[in-house]
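Notes follow the structure.
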Amino acid sequence: MRTAVRHLTGDQLRAADTPLLKLEVPGLDGIDLYLKDESVQPTGSLKHRLARSLFMHAICSGRIREGTTVVEASSGSTAVSEAYFARLLGLPFVAVVPVGTAPRKIEQIRLHGGACHFVDDTTQIYAEARRLARERGGHYMDQFTYAEQATDWRGPDSIAAGIFRQMADEPHPEPAAIVMSAGTGGTASTIGRYIRYKGHDTRLVVADPDHSVFYDSFRRGDRSLRGEHGSRIEGIGRPRVEPSFLAEVVDGMIKVPDAASIAALRWLERLTGRRAGGSTGTNLWGALQIAGQMQARGERGSIVTVLCDGGERYPDTYWNDEWVARHIGDMAPYLRRIEPLL
């Protein structure tokens, strides 16, 4: 166990913090917009933090030992990161993923030594992951239950602490809002708890895509809601309210149409020359809506959101116009709404 913990701690020290990018948006006079760039993590996404925390939590809780097969239910990015850590620790790893998962993510899971087990119905990934873990005498990591428990939300290395540390010398150091989408809900919970812990006057706003029940659950106060499909924006939005989604630390939510998420990705590329994944588009659309509301009220300030992963993972989906037209729909009306900001 000591060796495994040392490996995980070493990775944390090597990864250090991620950049906070300020976007120069001509049409947002008085509103500063920032992206916390998690795509530079060793496994290319925000989920690197989560995967490391989940392994540390499971090992120190006695659930993972030498030789334990680790099984996870994932739409891709968490599985990529967990495969990386499983290889680092010399453990077998199996990812239970939906059949529509981006091919590049499947390649990366296998590149890190993981195996993929496909399911047709997104809502069945939980039960299938439990079954596989039981069948192989392994451990079901269950990111959806343990994300908020495993993450050290008060620690200096959390994403929330990093954001406020990096904002300290900016013109508006205390953000008016931090916008974060939710998959497990772990990152949103970390940010919301940290804001309260430090007494910041910052709102946590969760942006939620189509086919996710988080938004309706938040509005109705009903955690029992269930959806019929998974989200088309990989990594976020769920057909059920996950245990790690803590609505009590969320100050507001924004429903984001999938076409708006993809429009925001294209807008970001025109602004910065960088391509990002779908969840970043959801985050960015939410942040731009809040910026517009602040401007309408004559307010000045800052907004922070997260660049979750890079667009190189999605050449066949979010960055393929034919795929977008067939699976997402017309993004032109949404582009027209935000193009004047450039």
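Residue numbers start at 1 in each chain; chains themselves are named A, B, ... in the order of the structure tokens; ligands are numbered from 1 in the order shown.
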Stretch 117-227 of chain A: residues DSSP assigns to strand (DSSP E), reported as a ChimeraX atom specification: /A:117-119,139-140,177-179,203-209
Within 9 Å of stretch 70-78 of chain A, which residues of stretch 234-267 of chain A show up? Give each one with its shortest atom-to-atom distance in Å (one decimal) and the two atoms involved, counting only C-alpha atoms, rows by chain then rising residue number, as CSV.
residue,atom,partner,partner_atom,distance
A:Glu234,CA,A:Ser75,CA,6.1
A:Gly235,CA,A:Ser75,CA,5.7
A:Ile236,CA,A:Ser75,CA,8.8
Å distance separating atom CA of A:Thr145 from atom CA of A:Pro243, one decimal place: 5.0 Å
Contact residues around A:Arg313 with only C-alpha atoms at 10 Å, ignoring same-chain residues under 4 positions, as a PyMOL selection string: chain A and resi 44+77+102-108+275-277+309+317-319
Proximity to A:Ala325 - best of A:Ala263, A:Asp121, A:Ser61, A:Glu228, only C-alpha atoms: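 Of the candidates, the smallest distance to A:Ala325 is held by A:Ala263.
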DSSP helix (DSSP H, G or I) residues within stretch 147-201 of chain A, as a ChimeraX atom specification: /A:147-150,159-167,186-198
Proximity to A:Thr272 - best of A:Val25, A:Leu341, A:Ile328, A:Val179, only C-alpha atoms: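 Checking each of A:Val25, A:Leu341, A:Ile328, A:Val179 against A:Thr272, counting only C-alpha atoms, the winner is A:Val25.
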Residue contacts of A:Ala160 (7 Å, only C-alpha atoms) excluding same-chain residues fewer than 3 positions away, as a list in words: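 Listed by chain and then number, they are Ile163, Phe164, Thr190, Ile191 and Tyr194 of chain A.
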